[in-house]
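One structure is given here, and the rest of the page talks about it.
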Amino acid sequence: MKSLKIVLLLLITISFISCTIKYLPVKEKGIIISEGYGIIKNDDFVFAAANEYWVKEPQNLTDYFTTFHISISNKTQEKIKITPMDISLLDEDENQFDTVDLEFIEKMLLPKQLEYLVIKNIEDDSNAFRSLLEDQKNILEEWREAQRNLITYSFRFGEILPGAKKSGFIFFPKISSSNNSCRIIFRDIRIQFTRGDKKEKQTE
């Protein structure tokens with residue numbers, strides 16, 4: 001049964017990827033392209049960004065967010081601090097989208113069944129609450145897995161030690177499906193991205 005669930009999940013993921021818009025980096029002056037990443041290098045840091053899909057639990061995350069995988073390397077001899085305000089996304093109309101924090105994502109995607117249980121816990125005794133949790137065990141385990149994934153694979157803002165790097169996913173409010181291009185801005189440096197299907201047509 002478990003193997004069947006894994007196979008079905010893989011099929012759903014493949015189907016999702018085949019019909020989801022992906023943005024590819026555009027080669028410009030000062031921008032290196034490698035394995036789908038747009039890369040900026042200077043004396044202080046290396047910044048890389050790619051429009052990667054989130055294919056783990058919670059599976060519905062990409063219904064609400066545009067996801068990028070980023071990596072930042074500290075090339076200095078001192079700690080550098082990275083904050084959410086250092087990174088933004090602009091769509092083709094120059095509308096700005098800021099990063100969404102994990103706490104908001106968790107609250108937004110919290111399964112309604114668990115939300116109900118949390119509310120009921122205020123009124124019900126602990127035995128009744130434990131009984132309800134047992135009935136919803138699978139939902140609870142899936143949500144715990146989703147939380148672990150968000151903690152493990154998301155980019156963690158904060159300090160980066162000298163010579164170290166941080167990598168992970170960042171999340172923006174979902175941009176329109178009709179949007180043709182976007183830009184990731186890191187500390188006033190821009191990496192241009194264009195829709196993969198549009199880029200393929202341009203190179204034909």
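Each chain in the structure tokens gets a letter, A, B and so on, in the order shown; residues start at 1 in every chain, and ligands are counted from 1 in the order they appear.
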
Closest pair table for segment 81-102 of chain A residues within 12 Å of segment 48-56 of chain A, only C-alpha atoms, as a Markdown table:
```
| residue | atom | partner | partner_atom | distance |
| --- | --- | --- | --- | --- |
| A:Ile87 | CA | A:Ala49 | CA | 10.7 |
| A:Ser88 | CA | A:Ala49 | CA | 11.7 |
| A:Leu89 | CA | A:Asn51 | CA | 11.3 |
```

With segment 139-161 of chain A as the partner and 12 Å as the cut-off, tabulate the residues of segment 27-89 of chain A that qualify, each row holding the nearest pair of atoms and their distance in Å to one decimal, using only C-alpha atoms, sorted by chain and rising number, as a tab-separated table.
```
residue	atom	partner	partner_atom	distance
A:Asp44	CA	A:Ile160	CA	11.8
A:Phe45	CA	A:Ile160	CA	10.4
A:Ala49	CA	A:Phe155	CA	11.6
A:Trp54	CA	A:Tyr153	CA	9.5
A:Val55	CA	A:Asn149	CA	10.3
A:Lys56	CA	A:Asn149	CA	7.1
A:Glu57	CA	A:Ala146	CA	4.6
A:Pro58	CA	A:Ala146	CA	5.0
A:Gln59	CA	A:Ala146	CA	8.5
A:Asn60	CA	A:Ala146	CA	10.5
A:Leu61	CA	A:Ala146	CA	9.9
A:Thr67	CA	A:Ser154	CA	10.1
A:Phe68	CA	A:Phe155	CA	9.8
A:His69	CA	A:Phe155	CA	8.0
A:Ile70	CA	A:Phe155	CA	7.4
A:Ser71	CA	A:Phe155	CA	8.3
A:Ile72	CA	A:Ile160	CA	8.5
A:Ser73	CA	A:Ile160	CA	7.8
A:Asn74	CA	A:Ile160	CA	6.5
A:Lys75	CA	A:Leu161	CA	9.3
A:Thr76	CA	A:Leu161	CA	8.8
A:Gln77	CA	A:Leu161	CA	8.3
A:Glu78	CA	A:Leu161	CA	6.8
A:Lys79	CA	A:Leu161	CA	4.7
A:Ile80	CA	A:Ile160	CA	5.4
A:Lys81	CA	A:Glu159	CA	4.2
A:Ile82	CA	A:Gly158	CA	5.2
A:Thr83	CA	A:Phe157	CA	5.6
A:Pro84	CA	A:Phe157	CA	6.7
A:Met85	CA	A:Phe157	CA	10.0
A:Asp86	CA	A:Phe157	CA	9.8
A:Ile87	CA	A:Phe157	CA	10.5
```

Selection export as a CSV table (one decimal), in the first residue's frame, atoms kept: N, CA and C atoms:
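Output saved as out39.csv:
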```
chain,number,residue,atom,x,y,z
A,44,ASP,N,32.8,39.7,-2.5
A,44,ASP,CA,32.2,39.5,-1.1
A,44,ASP,C,31.4,38.2,-1.1
A,45,PHE,N,30.7,37.9,-2.2
A,45,PHE,CA,29.8,36.7,-2.1
A,45,PHE,C,29.6,36.2,-3.5
A,49,ALA,N,20.6,31.6,-8.2
A,49,ALA,CA,19.2,31.5,-8.0
A,49,ALA,C,18.6,30.7,-9.2
A,54,TRP,N,9.0,23.0,-6.0
A,54,TRP,CA,8.9,22.3,-4.7
A,54,TRP,C,8.1,21.0,-4.9
A,55,VAL,N,8.7,19.9,-4.7
A,55,VAL,CA,8.0,18.6,-5.1
A,55,VAL,C,7.9,17.7,-3.8
A,56,LYS,N,8.1,18.3,-2.6
A,56,LYS,CA,7.9,17.5,-1.4
A,56,LYS,C,6.6,17.9,-0.7
A,57,GLU,N,6.3,17.3,0.4
A,57,GLU,CA,5.1,17.7,1.2
A,57,GLU,C,5.5,19.1,1.8
A,58,PRO,N,4.6,20.0,1.9
A,58,PRO,CA,3.2,20.0,1.4
A,58,PRO,C,3.1,20.2,-0.1
A,59,GLN,N,2.4,19.2,-0.7
A,59,GLN,CA,2.4,19.2,-2.2
A,59,GLN,C,1.6,20.4,-2.8
A,60,ASN,N,0.7,21.0,-2.1
A,60,ASN,CA,-0.1,22.1,-2.6
A,60,ASN,C,0.6,23.5,-2.4
A,61,LEU,N,1.8,23.5,-2.0
A,61,LEU,CA,2.5,24.7,-1.7
A,61,LEU,C,2.6,25.6,-3.0
A,67,THR,N,8.3,29.6,-6.3
A,67,THR,CA,9.5,29.1,-5.5
A,67,THR,C,10.8,29.2,-6.3
A,68,PHE,N,11.8,29.7,-5.6
A,68,PHE,CA,13.1,29.7,-6.1
A,68,PHE,C,14.1,29.0,-5.2
A,69,HIS,N,15.1,28.3,-5.7
A,69,HIS,CA,16.2,27.8,-4.9
A,69,HIS,C,17.4,28.7,-5.0
A,70,ILE,N,17.9,29.1,-3.9
A,70,ILE,CA,19.0,30.0,-3.9
A,70,ILE,C,20.2,29.5,-3.1
A,71,SER,N,21.4,30.0,-3.4
A,71,SER,CA,22.6,29.7,-2.6
A,71,SER,C,23.4,30.9,-2.5
A,72,ILE,N,23.9,31.2,-1.3
A,72,ILE,CA,24.7,32.4,-1.0
A,72,ILE,C,26.0,31.9,-0.3
A,73,SER,N,27.1,32.2,-0.9
A,73,SER,CA,28.4,31.9,-0.4
A,73,SER,C,29.1,33.2,0.1
A,74,ASN,N,29.6,33.1,1.3
A,74,ASN,CA,30.4,34.2,1.9
A,74,ASN,C,31.8,34.1,1.6
A,75,LYS,N,32.4,35.0,0.8
A,75,LYS,CA,33.8,35.0,0.4
A,75,LYS,C,34.7,35.9,1.3
A,76,THR,N,34.1,36.5,2.3
A,76,THR,CA,34.8,37.5,3.1
A,76,THR,C,35.4,36.7,4.4
A,77,GLN,N,36.1,37.5,5.2
A,77,GLN,CA,36.7,37.0,6.4
A,77,GLN,C,35.8,37.3,7.6
A,78,GLU,N,34.6,37.9,7.3
A,78,GLU,CA,33.7,38.2,8.4
A,78,GLU,C,32.3,37.6,8.1
A,79,LYS,N,31.5,37.6,9.2
A,79,LYS,CA,30.1,37.1,9.0
A,79,LYS,C,29.4,38.1,8.2
A,80,ILE,N,28.5,37.6,7.3
A,80,ILE,CA,27.6,38.5,6.6
A,80,ILE,C,26.1,38.1,7.0
A,81,LYS,N,25.3,39.1,7.1
A,81,LYS,CA,23.9,38.9,7.5
A,81,LYS,C,23.0,39.0,6.3
A,82,ILE,N,22.1,38.0,6.1
A,82,ILE,CA,21.2,38.1,5.0
A,82,ILE,C,19.8,38.1,5.6
A,83,THR,N,19.0,39.1,5.2
A,83,THR,CA,17.6,39.3,5.7
A,83,THR,C,16.6,39.1,4.6
A,84,PRO,N,15.4,38.9,4.9
A,84,PRO,CA,14.3,38.8,3.8
A,84,PRO,C,14.3,40.0,2.9
A,85,MET,N,14.6,41.2,3.4
A,85,MET,CA,14.5,42.4,2.7
A,85,MET,C,15.6,42.5,1.6
A,86,ASP,N,16.6,41.6,1.7
A,86,ASP,CA,17.7,41.6,0.7
A,86,ASP,C,17.3,41.0,-0.6
A,87,ILE,N,16.2,40.2,-0.6
A,87,ILE,CA,15.8,39.5,-1.8
A,87,ILE,C,14.4,39.8,-2.2
```

Using DSSP on the backbone, list every residue of segment 27-125 of chain A that comes out as alpha helix (DSSP H), and give them as a PDB file with N, CA and C atoms, in the first residue's frame.
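As written to disk, part-v5.pdb reads:
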```pdb
ATOM      1  N   LEU A 102       8.165  31.359   6.797  1.00  0.00           N
ATOM      2  CA  LEU A 102       7.684  29.990   6.999  1.00  0.00           C
ATOM      3  C   LEU A 102       6.487  29.926   7.936  1.00  0.00           C
ATOM      4  N   GLU A 103       6.455  30.793   8.924  1.00  0.00           N
ATOM      5  CA  GLU A 103       5.335  30.785   9.872  1.00  0.00           C
ATOM      6  C   GLU A 103       4.016  31.051   9.146  1.00  0.00           C
ATOM      7  N   PHE A 104       4.035  32.003   8.217  1.00  0.00           N
ATOM      8  CA  PHE A 104       2.824  32.306   7.444  1.00  0.00           C
ATOM      9  C   PHE A 104       2.437  31.114   6.572  1.00  0.00           C
ATOM     10  N   ILE A 105       3.439  30.480   5.945  1.00  0.00           N
ATOM     11  CA  ILE A 105       3.165  29.325   5.085  1.00  0.00           C
ATOM     12  C   ILE A 105       2.544  28.194   5.889  1.00  0.00           C
ATOM     13  N   GLU A 106       3.091  27.915   7.058  1.00  0.00           N
ATOM     14  CA  GLU A 106       2.563  26.840   7.893  1.00  0.00           C
ATOM     15  C   GLU A 106       1.122  27.111   8.300  1.00  0.00           C
ATOM     16  N   LYS A 107       0.830  28.340   8.696  1.00  0.00           N
ATOM     17  CA  LYS A 107      -0.538  28.678   9.099  1.00  0.00           C
ATOM     18  C   LYS A 107      -1.498  28.581   7.924  1.00  0.00           C
ATOM     19  N   MET A 108      -1.047  29.013   6.760  1.00  0.00           N
ATOM     20  CA  MET A 108      -1.906  29.015   5.581  1.00  0.00           C
ATOM     21  C   MET A 108      -2.225  27.602   5.115  1.00  0.00           C
ATOM     22  N   LEU A 109      -1.238  26.709   5.171  1.00  0.00           N
ATOM     23  CA  LEU A 109      -1.405  25.361   4.639  1.00  0.00           C
ATOM     24  C   LEU A 109      -1.782  24.336   5.702  1.00  0.00           C
ATOM     25  N   LYS A 112      -7.211  21.649   7.411  1.00  0.00           N
ATOM     26  CA  LYS A 112      -8.398  22.091   8.133  1.00  0.00           C
ATOM     27  C   LYS A 112      -8.756  21.132   9.267  1.00  0.00           C
ATOM     28  N   GLN A 113      -8.474  19.836   9.058  1.00  0.00           N
ATOM     29  CA  GLN A 113      -8.786  18.869  10.109  1.00  0.00           C
ATOM     30  C   GLN A 113      -7.976  19.153  11.368  1.00  0.00           C
ATOM     31  N   LEU A 114      -6.700  19.514  11.209  1.00  0.00           N
ATOM     32  CA  LEU A 114      -5.855  19.810  12.364  1.00  0.00           C
ATOM     33  C   LEU A 114      -6.234  21.142  12.985  1.00  0.00           C
ATOM     34  N   GLU A 115      -6.619  22.096  12.142  1.00  0.00           N
ATOM     35  CA  GLU A 115      -7.077  23.389  12.654  1.00  0.00           C
ATOM     36  C   GLU A 115      -8.294  23.193  13.552  1.00  0.00           C
ATOM     37  N   TYR A 116      -9.186  22.312  13.139  1.00  0.00           N
ATOM     38  CA  TYR A 116     -10.380  22.004  13.925  1.00  0.00           C
ATOM     39  C   TYR A 116      -9.991  21.373  15.257  1.00  0.00           C
ATOM     40  N   LEU A 117      -9.012  20.473  15.212  1.00  0.00           N
ATOM     41  CA  LEU A 117      -8.586  19.798  16.439  1.00  0.00           C
ATOM     42  C   LEU A 117      -7.980  20.785  17.427  1.00  0.00           C
ATOM     43  N   VAL A 118      -7.189  21.725  16.912  1.00  0.00           N
ATOM     44  CA  VAL A 118      -6.575  22.719  17.793  1.00  0.00           C
ATOM     45  C   VAL A 118      -7.649  23.559  18.474  1.00  0.00           C
ATOM     46  N   ILE A 119      -8.664  23.959  17.712  1.00  0.00           N
ATOM     47  CA  ILE A 119      -9.758  24.749  18.278  1.00  0.00           C
ATOM     48  C   ILE A 119     -10.528  23.935  19.315  1.00  0.00           C
ATOM     49  N   LYS A 120     -10.815  22.682  18.995  1.00  0.00           N
ATOM     50  CA  LYS A 120     -11.583  21.840  19.902  1.00  0.00           C
ATOM     51  C   LYS A 120     -10.827  21.566  21.190  1.00  0.00           C
ATOM     52  N   ASN A 121      -9.502  21.578  21.108  1.00  0.00           N
ATOM     53  CA  ASN A 121      -8.712  21.282  22.288  1.00  0.00           C
ATOM     54  C   ASN A 121      -8.960  22.291  23.406  1.00  0.00           C
ATOM     55  N   ILE A 122      -9.384  23.469  23.052  1.00  0.00           N
ATOM     56  CA  ILE A 122      -9.657  24.489  24.060  1.00  0.00           C
ATOM     57  C   ILE A 122     -10.855  24.084  24.918  1.00  0.00           C
ATOM     58  N   GLU A 123     -11.817  23.392  24.288  1.00  0.00           N
ATOM     59  CA  GLU A 123     -13.061  23.075  24.973  1.00  0.00           C
ATOM     60  C   GLU A 123     -13.109  21.634  25.491  1.00  0.00           C
TER      61      GLU A 123
END
```

Taking only C-alpha atoms into account, which of A:Ile40, A:Ile31, A:Ser167, A:Thr66 comes nearest Asp91 of chain A?
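The shortest atom-to-atom distance to Asp91 of chain A comes from A:Thr66.
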